[in-house]
$ cat work.csv   # CSV, C-alpha atoms and all ligand atoms
chain,number,residue,atom,x,y,z
A,250,MET,CA,-127.9,182.0,-176.9
A,251,ASP,CA,-128.5,178.5,-178.4
A,252,SER,CA,-126.4,176.2,-176.3
A,253,LEU,CA,-126.4,173.4,-178.9
A,254,LYS,CA,-124.8,175.7,-181.5
A,255,THR,CA,-121.1,176.5,-181.7
A,256,ASN,CA,-120.6,180.0,-180.3
A,257,ILE,CA,-118.0,182.0,-182.1
A,258,PHE,CA,-116.7,185.3,-180.6
A,259,ILE,CA,-115.6,187.8,-183.3
A,260,ILE,CA,-113.4,190.6,-182.2
A,261,ASP,CA,-112.6,193.3,-184.9
A,262,ASP,CA,-112.7,197.0,-184.7
A,263,GLU,CA,-114.1,197.3,-188.2
A,264,GLU,CA,-117.9,196.9,-188.2
A,265,PRO,CA,-118.2,196.0,-191.9
A,266,ILE,CA,-115.8,193.0,-191.4
A,267,ARG,CA,-117.7,191.8,-188.3
A,268,LYS,CA,-120.9,192.1,-190.3
A,269,VAL,CA,-119.7,190.1,-193.2
A,270,LEU,CA,-118.2,187.3,-191.0
A,271,SER,CA,-121.3,187.3,-188.9
A,272,THR,CA,-123.6,186.8,-191.9
A,273,HIS,CA,-121.5,184.0,-193.3
A,274,LEU,CA,-121.3,182.2,-190.0
A,275,THR,CA,-124.9,182.6,-189.0
A,276,LYS,CA,-125.9,181.2,-192.4
A,277,GLU,CA,-123.7,178.2,-191.7
A,278,GLY,CA,-125.5,177.6,-188.4
A,279,TYR,CA,-123.0,179.1,-186.0
A,280,ASN,CA,-124.0,181.4,-183.2
A,281,VAL,CA,-122.0,184.7,-183.3
A,282,ILE,CA,-121.0,187.1,-180.5
A,283,GLN,CA,-119.3,190.3,-181.6
A,284,SER,CA,-117.1,192.9,-180.0
A,285,SER,CA,-115.1,195.8,-181.5
A,286,GLY,CA,-112.3,195.2,-179.0
A,287,GLY,CA,-111.4,198.1,-176.7
A,288,LYS,CA,-110.6,198.2,-173.1
A,289,GLY,CA,-113.7,196.3,-171.9
A,290,ILE,CA,-112.9,193.2,-174.0
A,291,PHE,CA,-111.4,191.2,-171.2
A,292,ASP,CA,-114.5,191.6,-169.1
A,293,SER,CA,-116.7,190.5,-172.0
A,294,LEU,CA,-114.5,187.5,-172.5
A,295,LYS,CA,-114.6,186.6,-168.8
A,296,ALA,CA,-118.4,186.8,-168.8
A,297,GLY,CA,-118.9,185.1,-172.1
A,298,THR,CA,-119.5,181.6,-173.2
A,299,PHE,CA,-117.9,180.7,-176.4
A,300,ASP,CA,-116.3,177.8,-178.2
A,301,MET,CA,-113.8,179.7,-180.3
A,302,VAL,CA,-112.5,183.2,-181.1
A,303,ILE,CA,-111.8,185.0,-184.3
A,304,CYS,CA,-109.7,188.0,-183.5
A,305,ASP,CA,-108.1,190.9,-185.5
A,306,ILE,CA,-104.4,191.4,-184.8
A,307,LYS,CA,-104.3,195.1,-185.4
A,308,MET,CA,-106.9,197.3,-183.6
A,309,PRO,CA,-106.6,200.9,-182.5
A,310,ASP,CA,-107.4,200.3,-178.8
A,311,ILE,CA,-105.7,197.0,-178.1
A,312,GLU,CA,-103.3,194.6,-179.6
A,313,GLY,CA,-104.9,191.3,-180.8
A,314,THR,CA,-101.9,189.4,-179.5
A,315,LEU,CA,-102.8,190.6,-175.9
A,316,ILE,CA,-106.3,189.1,-176.4
A,317,LEU,CA,-104.7,185.9,-177.7
A,318,GLU,CA,-102.5,185.7,-174.6
A,319,PHE,CA,-105.5,186.3,-172.3
A,320,ILE,CA,-107.5,183.5,-173.9
A,321,ARG,CA,-104.5,181.1,-173.9
A,322,ASP,CA,-104.1,181.9,-170.1
A,323,ASN,CA,-107.8,181.5,-169.2
A,324,PHE,CA,-109.5,179.3,-171.7
A,325,ASP,CA,-107.1,176.5,-172.6
A,326,THR,CA,-109.4,174.6,-174.9
A,327,VAL,CA,-110.7,177.6,-176.9
A,328,PRO,CA,-109.0,177.9,-180.3
A,329,VAL,CA,-108.2,181.4,-181.6
A,330,ILE,CA,-108.0,182.3,-185.3
A,331,MET,CA,-106.2,185.5,-185.9
A,332,LEU,CA,-107.2,187.9,-188.7
A,333,THR,CA,-104.5,190.0,-190.4
A,334,GLY,CA,-104.4,192.6,-193.0
A,335,LEU,CA,-100.7,192.4,-193.2
A,336,THR,CA,-98.9,190.1,-195.5
A,337,ASP,CA,-96.0,189.9,-193.2
A,338,VAL,CA,-95.1,186.2,-192.6
A,339,ALA,CA,-93.2,187.1,-189.4
A,340,VAL,CA,-96.5,188.4,-187.8
A,341,ALA,CA,-98.2,185.1,-188.7
A,342,VAL,CA,-95.4,183.1,-187.3
A,343,ASP,CA,-95.4,185.2,-184.1
A,344,VAL,CA,-99.2,184.6,-183.4
A,345,MET,CA,-98.9,180.9,-184.1
A,346,ARG,CA,-95.9,180.8,-181.7
A,347,ARG,CA,-98.1,182.6,-179.1
A,348,GLY,CA,-100.7,179.9,-179.3
A,349,ALA,CA,-103.1,180.9,-182.1
A,350,PHE,CA,-104.7,177.9,-183.8
A,351,ASP,CA,-104.5,179.5,-187.3
A,352,TYR,CA,-104.5,182.8,-189.0
A,353,ILE,CA,-106.4,184.2,-192.0
A,354,MET,CA,-105.5,187.0,-194.4
A,355,LYS,CA,-107.9,189.8,-195.1
A,356,PRO,CA,-109.9,190.1,-197.2
A,357,VAL,CA,-111.4,186.9,-195.8
A,358,LYS,CA,-112.4,184.3,-198.2
A,359,LYS,CA,-115.5,182.5,-197.1
A,360,GLU,CA,-114.1,179.0,-197.8
A,361,ASP,CA,-110.8,179.7,-196.0
A,362,LEU,CA,-112.8,180.9,-193.0
A,363,LEU,CA,-115.1,177.9,-192.8
A,364,ASN,CA,-112.3,175.5,-193.3
A,365,ALA,CA,-110.2,177.0,-190.5
A,366,ILE,CA,-113.3,177.0,-188.2
A,367,ARG,CA,-114.0,173.4,-188.9
A,368,LYS,CA,-110.4,172.4,-188.2
A,369,ALA,CA,-110.3,174.6,-185.1
A,370,MET,CA,-113.5,173.0,-183.7
A,371,MET,CA,-112.1,169.5,-184.4
A,372,HIS,CA,-109.0,170.5,-182.5
A,373,ARG,CA,-111.1,171.8,-179.6
A,374,GLY,CA,-113.1,168.6,-179.6
A,375,LEU,CA,-109.9,166.6,-179.2
A,376,LEU,CA,-108.5,168.9,-176.6
A,377,ILE,CA,-111.7,168.6,-174.5
A,378,ARG,CA,-111.8,164.8,-174.9
A,379,ASN,CA,-108.1,164.8,-173.8
A,380,ARG,CA,-108.9,166.9,-170.7
A,381,GLN,CA,-111.7,164.6,-169.9
A,382,LEU,CA,-109.5,161.5,-170.2
A,383,GLU,CA,-106.9,163.2,-168.1
A,384,LYS,CA,-109.5,164.0,-165.4
A,385,GLU,CA,-110.9,160.5,-165.6
A,386,ASN,CA,-107.4,159.2,-165.2
A,387,ARG,CA,-106.7,161.4,-162.2
A,388,ASP,CA,-110.1,160.5,-160.7
A,389,TYR,CA,-109.4,156.8,-161.2
A,390,GLN,CA,-105.9,157.2,-159.7
A,391,LEU,CA,-107.4,158.9,-156.7
A,392,PHE,CA,-110.1,156.1,-156.5
A,393,LEU,CA,-107.3,153.5,-156.5
A,394,GLU,CA,-105.2,155.3,-153.9
A,395,GLU,CA,-108.3,155.7,-151.7
A,396,LYS,CA,-109.0,151.9,-152.1
A,397,VAL,CA,-105.4,151.0,-151.3
A,398,HIS,CA,-105.5,153.3,-148.3
A,399,GLU,CA,-108.8,151.7,-147.1
A,400,ARG,CA,-107.5,148.2,-147.7
A,401,THR,CA,-104.2,149.0,-145.9
A,402,LYS,CA,-106.2,150.4,-142.9
A,403,GLU,CA,-108.4,147.3,-142.8
A,404,LEU,CA,-105.3,145.1,-142.9
A,405,ASP,CA,-103.6,147.1,-140.2
A,406,THR,CA,-106.6,146.7,-138.0
A,407,LYS,CA,-106.8,143.0,-138.6
A,408,THR,CA,-103.0,142.6,-138.1
A,409,ARG,CA,-103.3,144.5,-134.8
A,410,ALA,CA,-106.2,142.3,-133.7
A,411,LEU,CA,-104.2,139.2,-134.6
A,412,GLU,CA,-101.2,140.4,-132.8
A,413,ASP,CA,-103.3,141.2,-129.7
A,414,ALA,CA,-104.9,137.7,-129.9
A,415,TYR,CA,-101.5,136.1,-130.3
A,416,LEU,CA,-100.2,137.9,-127.2
A,417,VAL,CA,-103.3,136.8,-125.2
A,418,VAL,CA,-102.8,133.2,-126.4
A,419,LYS,CA,-99.1,133.3,-125.7
A,420,SER,CA,-99.6,134.7,-122.2
A,421,MET,CA,-102.2,132.1,-121.5
A,422,ASN,CA,-99.9,129.3,-122.7
A,423,ILE,CA,-97.1,130.5,-120.6
A,424,GLN,CA,-99.4,130.7,-117.6
A,425,PHE,CA,-100.6,127.2,-118.2
A,426,ALA,CA,-97.1,126.0,-118.6
A,427,THR,CA,-96.1,127.8,-115.4
A,428,ALA,CA,-99.1,126.2,-113.6
A,429,LEU,CA,-98.0,122.8,-114.9
A,430,ALA,CA,-94.4,123.5,-113.8
A,431,GLU,CA,-95.6,124.5,-110.3
A,432,PHE,CA,-97.6,121.3,-110.1
A,433,ILE,CA,-94.4,119.3,-110.8
A,434,GLU,CA,-92.5,121.3,-108.2
A,435,ALA,CA,-95.3,120.5,-105.6
A,436,LYS,CA,-94.4,116.8,-106.0
A,437,ASP,CA,-90.7,117.5,-105.6
A,438,ARG,CA,-89.8,119.4,-102.4
A,439,HIS,CA,-86.3,120.1,-103.6
A,440,THR,CA,-87.3,122.2,-106.5
A,441,ARG,CA,-89.4,125.0,-105.2
A,442,GLY,CA,-89.3,128.0,-107.6
A,443,HIS,CA,-86.8,126.1,-109.7
A,444,CYS,CA,-88.9,126.1,-113.0
A,445,ASN,CA,-89.5,129.8,-113.0
A,446,ARG,CA,-85.8,130.6,-112.2
A,447,MET,CA,-84.9,128.2,-115.0
A,448,ARG,CA,-87.1,130.1,-117.4
A,449,ARG,CA,-85.4,133.4,-116.6
A,450,LEU,CA,-81.9,132.0,-116.7
A,451,CYS,CA,-82.5,130.2,-120.0
A,452,VAL,CA,-84.1,133.1,-121.7
A,453,GLU,CA,-81.1,135.3,-120.7
A,454,LEU,CA,-78.6,132.7,-121.7
A,455,GLY,CA,-80.4,132.0,-125.0
A,456,THR,CA,-80.5,135.7,-125.8
A,457,ALA,CA,-76.8,135.9,-125.1
A,458,ALA,CA,-76.2,132.9,-127.3
A,459,GLY,CA,-77.9,134.8,-130.2
A,460,MET,CA,-81.2,132.9,-130.4
A,461,ASN,CA,-84.0,134.3,-132.4
A,462,ASP,CA,-87.6,135.0,-131.1
A,463,ARG,CA,-88.9,131.6,-132.0
A,464,GLU,CA,-86.0,129.8,-130.4
A,465,ILE,CA,-86.4,131.9,-127.3
A,466,GLU,CA,-90.1,131.0,-127.1
A,467,THR,CA,-89.2,127.3,-127.4
A,468,ILE,CA,-86.6,127.5,-124.6
A,469,GLU,CA,-89.0,129.5,-122.5
A,470,TYR,CA,-91.5,126.5,-122.5
A,471,ALA,CA,-88.8,123.9,-122.4
A,472,SER,CA,-87.1,125.4,-119.4
A,473,LEU,CA,-90.4,125.8,-117.5
A,474,LEU,CA,-91.5,122.3,-118.4
A,475,HIS,CA,-88.1,120.4,-118.6
A,476,ASP,CA,-89.0,118.2,-115.6
A,477,LEU,CA,-92.7,117.7,-116.7
A,478,GLY,CA,-92.0,113.9,-117.0
A,479,LYS,CA,-91.5,113.8,-113.2
A,480,VAL,CA,-95.3,113.5,-113.0
A,481,GLY,CA,-94.6,109.8,-114.0
A,482,VAL,CA,-92.1,109.3,-111.2
A,483,ASN,CA,-93.1,108.2,-107.7
A,484,GLU,CA,-93.0,111.0,-105.1
A,485,GLU,CA,-91.0,108.8,-102.7
A,486,ILE,CA,-88.3,108.5,-105.3
A,487,LEU,CA,-88.3,112.2,-106.1
A,488,ASN,CA,-88.0,113.1,-102.4
A,489,LYS,CA,-85.7,110.3,-101.3
A,490,GLU,CA,-82.8,111.7,-99.2
A,491,GLY,CA,-80.3,108.9,-99.6
A,492,PRO,CA,-78.9,107.4,-102.8
A,493,LEU,CA,-81.3,105.8,-105.2
A,494,THR,CA,-81.3,102.0,-105.8
A,495,GLU,CA,-80.7,100.9,-109.4
A,496,GLU,CA,-84.4,100.4,-110.0
A,497,GLU,CA,-85.2,103.8,-108.5
A,498,SER,CA,-82.5,105.5,-110.6
A,499,ARG,CA,-83.9,103.8,-113.7
A,500,ARG,CA,-87.4,105.2,-113.0
A,501,MET,CA,-86.0,108.6,-112.2
A,502,LYS,CA,-84.0,108.6,-115.5
A,503,ALA,CA,-87.2,107.9,-117.4
A,504,HIS,CA,-88.6,111.5,-116.8
A,505,PRO,CA,-87.1,113.1,-119.9
A,506,GLU,CA,-88.9,110.6,-122.2
A,507,ILE,CA,-92.1,110.7,-120.2
A,508,GLY,CA,-92.1,114.5,-120.7
A,509,GLU,CA,-91.4,114.1,-124.4
A,510,LYS,CA,-94.3,111.7,-124.8
A,511,ILE,CA,-96.7,114.1,-123.0
A,512,LEU,CA,-95.8,117.0,-125.3
A,513,MET,CA,-95.2,115.2,-128.6
A,514,GLY,CA,-98.9,115.1,-129.5
A,515,ILE,CA,-99.5,118.8,-128.9
A,516,PRO,CA,-99.2,121.0,-132.0
A,517,LEU,CA,-96.4,123.5,-131.9
A,518,MET,CA,-94.9,121.8,-128.8
A,519,GLU,CA,-92.8,119.3,-130.8
A,520,ASP,CA,-89.7,121.6,-130.7
A,521,VAL,CA,-90.2,121.9,-126.9
A,522,ALA,CA,-90.5,118.1,-126.6
A,523,LYS,CA,-87.2,117.6,-128.5
A,524,VAL,CA,-85.4,120.0,-126.2
A,525,MET,CA,-87.0,118.6,-123.1
A,526,VAL,CA,-86.0,115.0,-123.8
A,527,ALA,CA,-82.4,116.0,-124.2
A,528,HIS,CA,-81.9,118.0,-120.9
A,529,HIS,CA,-80.0,115.3,-119.2
A,530,GLU,CA,-77.7,114.5,-122.1
A,531,ASN,CA,-74.0,115.2,-121.4
A,532,TYR,CA,-71.6,117.0,-123.7
A,533,ASP,CA,-69.3,114.0,-123.8
A,534,GLY,CA,-72.0,111.6,-124.7
A,535,SER,CA,-72.3,110.0,-121.2
A,536,GLY,CA,-75.8,111.4,-120.5
A,537,TYR,CA,-79.3,109.9,-120.9
A,538,PRO,CA,-81.6,108.9,-122.4
A,539,ARG,CA,-79.9,108.7,-125.8
A,540,GLY,CA,-76.2,109.4,-125.1
A,541,LEU,CA,-76.1,112.3,-127.6
A,542,ARG,CA,-72.8,114.1,-127.8
A,543,GLY,CA,-71.7,117.7,-128.4
A,544,GLU,CA,-73.6,119.7,-131.1
A,545,ALA,CA,-75.9,116.7,-131.6
A,546,ILE,CA,-77.6,117.8,-128.3
A,547,PRO,CA,-80.0,120.7,-129.2
A,548,LEU,CA,-78.5,124.1,-128.1
A,549,SER,CA,-81.5,124.8,-125.9
A,550,ALA,CA,-81.0,121.5,-124.1
A,551,ARG,CA,-77.3,122.4,-123.5
A,552,ILE,CA,-78.4,125.8,-122.1
A,553,ILE,CA,-81.0,124.1,-119.8
A,554,ALA,CA,-78.3,121.8,-118.5
A,555,VAL,CA,-76.0,124.7,-117.6
A,556,ALA,CA,-78.9,126.6,-115.9
A,557,ASP,CA,-80.1,123.5,-114.1
A,558,ILE,CA,-76.7,122.8,-112.5
A,559,TYR,CA,-76.3,126.4,-111.6
A,560,ASP,CA,-79.7,126.6,-109.9
A,561,ALA,CA,-79.2,123.3,-108.1
A,562,MET,CA,-76.0,124.5,-106.6
A,563,ALA,CA,-77.2,128.1,-105.9
A,564,SER,CA,-80.4,126.9,-104.1
A,565,ASP,CA,-80.6,126.0,-100.4
A,566,ARG,CA,-80.9,122.3,-99.7
A,567,PRO,CA,-82.2,120.7,-96.4
A,568,TYR,CA,-78.6,119.6,-95.7
A,569,ARG,CA,-76.7,122.7,-97.0
A,570,LYS,CA,-77.2,126.4,-97.9
A,571,GLY,CA,-76.9,127.6,-101.5
A,572,LEU,CA,-73.2,127.7,-102.6
A,573,PRO,CA,-71.3,130.9,-103.3
A,574,LEU,CA,-70.9,132.0,-106.9
A,575,GLU,CA,-67.1,131.4,-107.0
A,576,VAL,CA,-67.6,127.8,-105.9
A,577,ILE,CA,-70.4,127.3,-108.4
A,578,SER,CA,-68.3,128.8,-111.2
A,579,ALA,CA,-65.4,126.6,-110.4
A,580,GLU,CA,-67.6,123.5,-110.2
A,581,MET,CA,-69.2,124.3,-113.5
A,582,ARG,CA,-65.8,124.8,-115.2
A,583,LYS,CA,-64.8,121.4,-113.7
A,584,VAL,CA,-67.6,119.6,-115.7
A,585,ALA,CA,-67.3,121.8,-118.8
A,586,GLY,CA,-66.4,119.5,-121.7
A,587,THR,CA,-67.7,116.4,-119.9
A,588,GLN,CA,-71.2,117.1,-118.6
A,589,LEU,CA,-71.7,120.7,-119.9
A,590,ASP,CA,-71.0,122.6,-123.1
A,591,PRO,CA,-67.8,124.6,-122.2
A,592,ALA,CA,-68.8,127.5,-124.5
A,593,ILE,CA,-72.2,127.9,-122.7
A,594,VAL,CA,-70.5,127.6,-119.3
A,595,GLU,CA,-68.2,130.5,-120.2
A,596,LEU,CA,-71.0,132.5,-121.7
A,597,PHE,CA,-73.0,132.0,-118.5
A,598,ILE,CA,-70.2,133.2,-116.3
A,599,GLU,CA,-68.8,135.9,-118.5
A,600,LYS,CA,-72.3,137.5,-119.1
A,601,LYS,CA,-73.2,137.1,-115.4
A,602,ILE,CA,-76.4,135.3,-116.5
A,603,TYR,CA,-77.0,134.3,-112.8
A,604,ASN,CA,-78.1,137.9,-112.2
A,605,ALA,CA,-81.4,136.9,-114.0
A,606,THR,CA,-82.6,135.1,-110.9
A,607,MET,CA,-81.8,138.1,-108.7
A,608,GLU,CA,-84.1,140.5,-110.5
A,609,PRO,CA,-87.7,141.0,-109.2
A,610,GLN,CA,-90.1,138.4,-110.5
A,611,VAL,CA,-92.1,139.3,-113.7
A,701,FE,FE,-84.6,116.8,-115.1
$ encode --input "work.csv" --output "structure tokens"
Amino acid sequence: MDSLKTNIFIIDDEEPIRKVLSTHLTKEGYNVIQSSGGKGIFDSLKAGTFDMVICDIKMPDIEGTLILEFIRDNFDTVPVIMLTGLTDVAVAVDVMRRGAFDYIMKPVKKEDLLNAIRKAMMHRGLLIRNRQLEKENRDYQLFLEEKVHERTKELDTKTRALEDAYLVVKSMNIQFATALAEFIEAKDRHTRGHCNRMRRLCVELGTAAGMNDREIETIEYASLLHDLGKVGVNEEILNKEGPLTEEESRRMKAHPEIGEKILMGIPLMEDVAKVMVAHHENYDGSGYPRGLRGEAIPLSARIIAVADIYDAMASDRPYRKGLPLEVISAEMRKVAGTQLDPAIVELFIEKKIYNATMEPQV
């Protein structure tokens, strides 16, 4: 079989008709395969290679419409031209409805036949091109999906790596801050363990106050480092048992601003510095260094002030044991509105934030 030629499968029980059609078509350059129909026709069709089918409707062994249906079901781009000896229009309409490309009345006129074949082949060309485009489209779609999938996977991996790196950096930062806080504590014998307890109280209290992750991170550093500025205060003043002289008090009160200066130049620590400098501000404006009042004091600083007072009263001092909770609560309520933010004091007591220092150390 010449693969470059168009292969036409002719199915008709009458040999003379097959012969005439075959002669016409061969002369026109088509390659012809023939069958008289019959039961074996489906096997022949299955095994064959053909571009179109010309099929008689009425044959003794098999209905042409069954062959038409078989081709429609199995070879969707192969056009079928039906031949009919009947002049019944209903039959023609019926075969077209079942998917025939065209039909031709017998006796077949050569011109009609060649015309129908040309149109059918054009139609087949379009169908094949259409199928190709659909396939290309599907392949491209799959290619894109694959690309998106790959890219998403890559991004996921990178995001995970970044998240891991961030966690490492964050943990290192907190460890450095803790080391720094412990260094300050070493200078001041009253404050052993104070910074770490502050961190836990303030994170709990900040969470209870509805702070977001970023604010919690800020308060975590600010609570650990709130007394960082004490590195600039003489140890004798820090550890003095009796009351401070005016000059000593002035130097002591400089520690929030010394701490602020130390942190101000460090990227991402500006927020921490702003909180740190305000941790001795009082709610009524009587604090230092700036005499800020009420909401003008950063929330984190108001929280630190509450935690700071609690921890000072709850810890043992050389001259007294830590005070009981009821006494501390009463004392805190006494200064709520003057020294402390009353809402934060109530939140501290109501939510039993003091429990944070009783849990095992993280
Ligand atoms: Fe302080």
$ closest_atom_pairs --input "work.csv" --of "chain A" --to "ligand FE 701 (chain A)" --cutoff "8 Å" --atoms "all atoms listed in the file" --output "CSV"
residue,atom,partner,partner_atom,distance
A:His475,CA,A:FE701,FE,6.1
A:Asp476,CA,A:FE701,FE,4.6
A:Lys479,CA,A:FE701,FE,7.8
A:His504,CA,A:FE701,FE,6.9
A:Pro505,CA,A:FE701,FE,6.6
A:His528,CA,A:FE701,FE,6.5
A:His529,CA,A:FE701,FE,6.3
$ residues_around --input "work.csv" --residues "Leu572 in chain A" --least-positions-apart "2" --cutoff "10 Å" --atoms "only C-alpha atoms" --output "PyMOL selection string"
chain A and resi 559-566+569-570+574-578
$ residues_around --input "work.csv" --residues "range 371-388 of chain A" --least-positions-apart "2" --cutoff "8 Å" --atoms "only C-alpha atoms" --output "MDAnalysis selection string"
chainID A and resid 326:328 367:369 390:392
$ atom_distance --input "work.csv" --atom1 "CA of Val342 in chain A" --atom2 "CA of Ile282 in chain A"
26.8 Å
$ residues_around --input "work.csv" --residues "Asp300 in chain A" --least-positions-apart "2" --cutoff "8 Å" --atoms "all atoms listed in the file" --output "MDAnalysis selection string"
chainID A and resid 255:258 298 302 327:328 370
$ atom_distance --input "work.csv" --atom1 "CA of Gly508 in chain A" --atom2 "CA of Met525 in chain A"
7.0 Å
$ atom_distance --input "work.csv" --atom1 "CA of Lys358 in chain A" --atom2 "CA of Val269 in chain A"
10.6 Å
$ closest_residue --input "work.csv" --among "A:Val524, A:Ile260, A:Leu253, A:Met345" --to "Asp310 in chain A" --atoms "only C-alpha atoms"
A:Ile260
$ residues_around --input "work.csv" --residues "Val482 in chain A" --least-positions-apart "3" --cutoff "10 Å" --atoms "all atoms listed in the file" --output "PDB file with C-alpha atoms, keeping the file's coordinate frame"
ATOM      1  CA  LYS A 436     -94.400 116.800-106.000  1.00  0.00           C
ATOM      2  CA  GLY A 478     -92.000 113.900-117.000  1.00  0.00           C
ATOM      3  CA  LYS A 479     -91.500 113.800-113.200  1.00  0.00           C
ATOM      4  CA  GLU A 485     -91.000 108.800-102.700  1.00  0.00           C
ATOM      5  CA  ILE A 486     -88.300 108.500-105.300  1.00  0.00           C
ATOM      6  CA  LEU A 487     -88.300 112.200-106.100  1.00  0.00           C
ATOM      7  CA  GLU A 497     -85.200 103.800-108.500  1.00  0.00           C
ATOM      8  CA  ARG A 500     -87.400 105.200-113.000  1.00  0.00           C
ATOM      9  CA  MET A 501     -86.000 108.600-112.200  1.00  0.00           C
ATOM     10  CA  LYS A 502     -84.000 108.600-115.500  1.00  0.00           C
ATOM     11  CA  ALA A 503     -87.200 107.900-117.400  1.00  0.00           C
ATOM     12  CA  HIS A 504     -88.600 111.500-116.800  1.00  0.00           C
ATOM     13  CA  ILE A 507     -92.100 110.700-120.200  1.00  0.00           C
TER      14      ILE A 507
END
$ residues_around --input "work.csv" --residues "Ala471 in chain A" --least-positions-apart "2" --cutoff "9 Å" --atoms "only C-alpha atoms" --output "PDB file with C-alpha atoms, in the frame of the given file"
ATOM      1  CA  ARG A 448     -87.100 130.100-117.400  1.00  0.00           C
ATOM      2  CA  GLU A 466     -90.100 131.000-127.100  1.00  0.00           C
ATOM      3  CA  THR A 467     -89.200 127.300-127.400  1.00  0.00           C
ATOM      4  CA  ILE A 468     -86.600 127.500-124.600  1.00  0.00           C
ATOM      5  CA  GLU A 469     -89.000 129.500-122.500  1.00  0.00           C
ATOM      6  CA  LEU A 473     -90.400 125.800-117.500  1.00  0.00           C
ATOM      7  CA  LEU A 474     -91.500 122.300-118.400  1.00  0.00           C
ATOM      8  CA  HIS A 475     -88.100 120.400-118.600  1.00  0.00           C
ATOM      9  CA  ASP A 476     -89.000 118.200-115.600  1.00  0.00           C
ATOM     10  CA  ASP A 520     -89.700 121.600-130.700  1.00  0.00           C
ATOM     11  CA  VAL A 521     -90.200 121.900-126.900  1.00  0.00           C
ATOM     12  CA  ALA A 522     -90.500 118.100-126.600  1.00  0.00           C
ATOM     13  CA  LYS A 523     -87.200 117.600-128.500  1.00  0.00           C
ATOM     14  CA  VAL A 524     -85.400 120.000-126.200  1.00  0.00           C
ATOM     15  CA  MET A 525     -87.000 118.600-123.100  1.00  0.00           C
ATOM     16  CA  SER A 549     -81.500 124.800-125.900  1.00  0.00           C
ATOM     17  CA  ALA A 550     -81.000 121.500-124.100  1.00  0.00           C
ATOM     18  CA  ILE A 553     -81.000 124.100-119.800  1.00  0.00           C
TER      19      ILE A 553
END
$ residues_near_point --input "work.csv" --point "(-72.8, 116.9, -121.9)" --cutoff "12 Å" --atoms "all atoms listed in the file" --output "PyMOL selection string"
chain A and resi 527-548+550-555+558+581+584-594
$ closest_residue --input "work.csv" --among "A:Leu332, A:Glu318, A:Leu411, A:Val452" --to "Arg346 in chain A" --atoms "only C-alpha atoms"
A:Glu318
$ closest_residue --input "work.csv" --among "A:Arg499, A:Lys307, A:Lys288, A:Lys396" --to "Asn483 in chain A" --atoms "only C-alpha atoms"
A:Arg499
$ closest_residue --input "work.csv" --among "A:Asp261, A:Ile433, A:Gly459, A:Ile515" --to "Gly481 in chain A" --atoms "only C-alpha atoms"
A:Ile433
$ closest_residue --input "work.csv" --among "A:Ser271, A:Asn445, A:Ser420, A:Ser293" --to "Lys359 in chain A" --atoms "only C-alpha atoms"
A:Ser271
$ closest_residue --input "work.csv" --among "A:Leu393, A:Ile353, A:Ile303, A:Ile290" --to "Ile259 in chain A" --atoms "all atoms listed in the file"
A:Ile303
$ build_atoms --input "work.csv" --residues "range 325-335 of chain A" --atoms "N, CA and C atoms" --output "PDB file, in the coordinates of the input"
ATOM      1  N   ASP A 325    -108.129 177.303-171.932  1.00  0.00           N
ATOM      2  CA  ASP A 325    -107.100 176.500-172.600  1.00  0.00           C
ATOM      3  C   ASP A 325    -107.634 175.634-173.761  1.00  0.00           C
ATOM      4  N   THR A 326    -108.948 175.427-173.803  1.00  0.00           N
ATOM      5  CA  THR A 326    -109.400 174.600-174.900  1.00  0.00           C
ATOM      6  C   THR A 326    -110.115 175.413-176.015  1.00  0.00           C
ATOM      7  N   VAL A 327    -110.073 176.753-175.887  1.00  0.00           N
ATOM      8  CA  VAL A 327    -110.700 177.600-176.900  1.00  0.00           C
ATOM      9  C   VAL A 327    -109.698 177.973-177.984  1.00  0.00           C
ATOM     10  N   PRO A 328    -109.921 177.514-179.223  1.00  0.00           N
ATOM     11  CA  PRO A 328    -109.000 177.900-180.300  1.00  0.00           C
ATOM     12  C   PRO A 328    -109.187 179.330-180.743  1.00  0.00           C
ATOM     13  N   VAL A 329    -108.093 179.960-181.139  1.00  0.00           N
ATOM     14  CA  VAL A 329    -108.200 181.400-181.600  1.00  0.00           C
ATOM     15  C   VAL A 329    -107.640 181.432-183.033  1.00  0.00           C
ATOM     16  N   ILE A 330    -108.449 181.999-183.907  1.00  0.00           N
ATOM     17  CA  ILE A 330    -108.000 182.300-185.300  1.00  0.00           C
ATOM     18  C   ILE A 330    -107.759 183.750-185.403  1.00  0.00           C
ATOM     19  N   MET A 331    -106.549 184.108-185.812  1.00  0.00           N
ATOM     20  CA  MET A 331    -106.200 185.500-185.900  1.00  0.00           C
ATOM     21  C   MET A 331    -106.462 186.018-187.340  1.00  0.00           C
ATOM     22  N   LEU A 332    -106.947 187.272-187.430  1.00  0.00           N
ATOM     23  CA  LEU A 332    -107.200 187.900-188.700  1.00  0.00           C
ATOM     24  C   LEU A 332    -106.065 188.933-188.946  1.00  0.00           C
ATOM     25  N   THR A 333    -105.488 188.947-190.136  1.00  0.00           N
ATOM     26  CA  THR A 333    -104.500 190.000-190.400  1.00  0.00           C
ATOM     27  C   THR A 333    -104.579 190.571-191.771  1.00  0.00           C
ATOM     28  N   GLY A 334    -104.396 191.873-191.760  1.00  0.00           N
ATOM     29  CA  GLY A 334    -104.400 192.600-193.000  1.00  0.00           C
ATOM     30  C   GLY A 334    -102.998 192.663-193.578  1.00  0.00           C
ATOM     31  N   LEU A 335    -102.079 192.248-192.756  1.00  0.00           N
ATOM     32  CA  LEU A 335    -100.700 192.400-193.200  1.00  0.00           C
ATOM     33  C   LEU A 335    -100.246 191.098-193.880  1.00  0.00           C
TER      34      LEU A 335
END
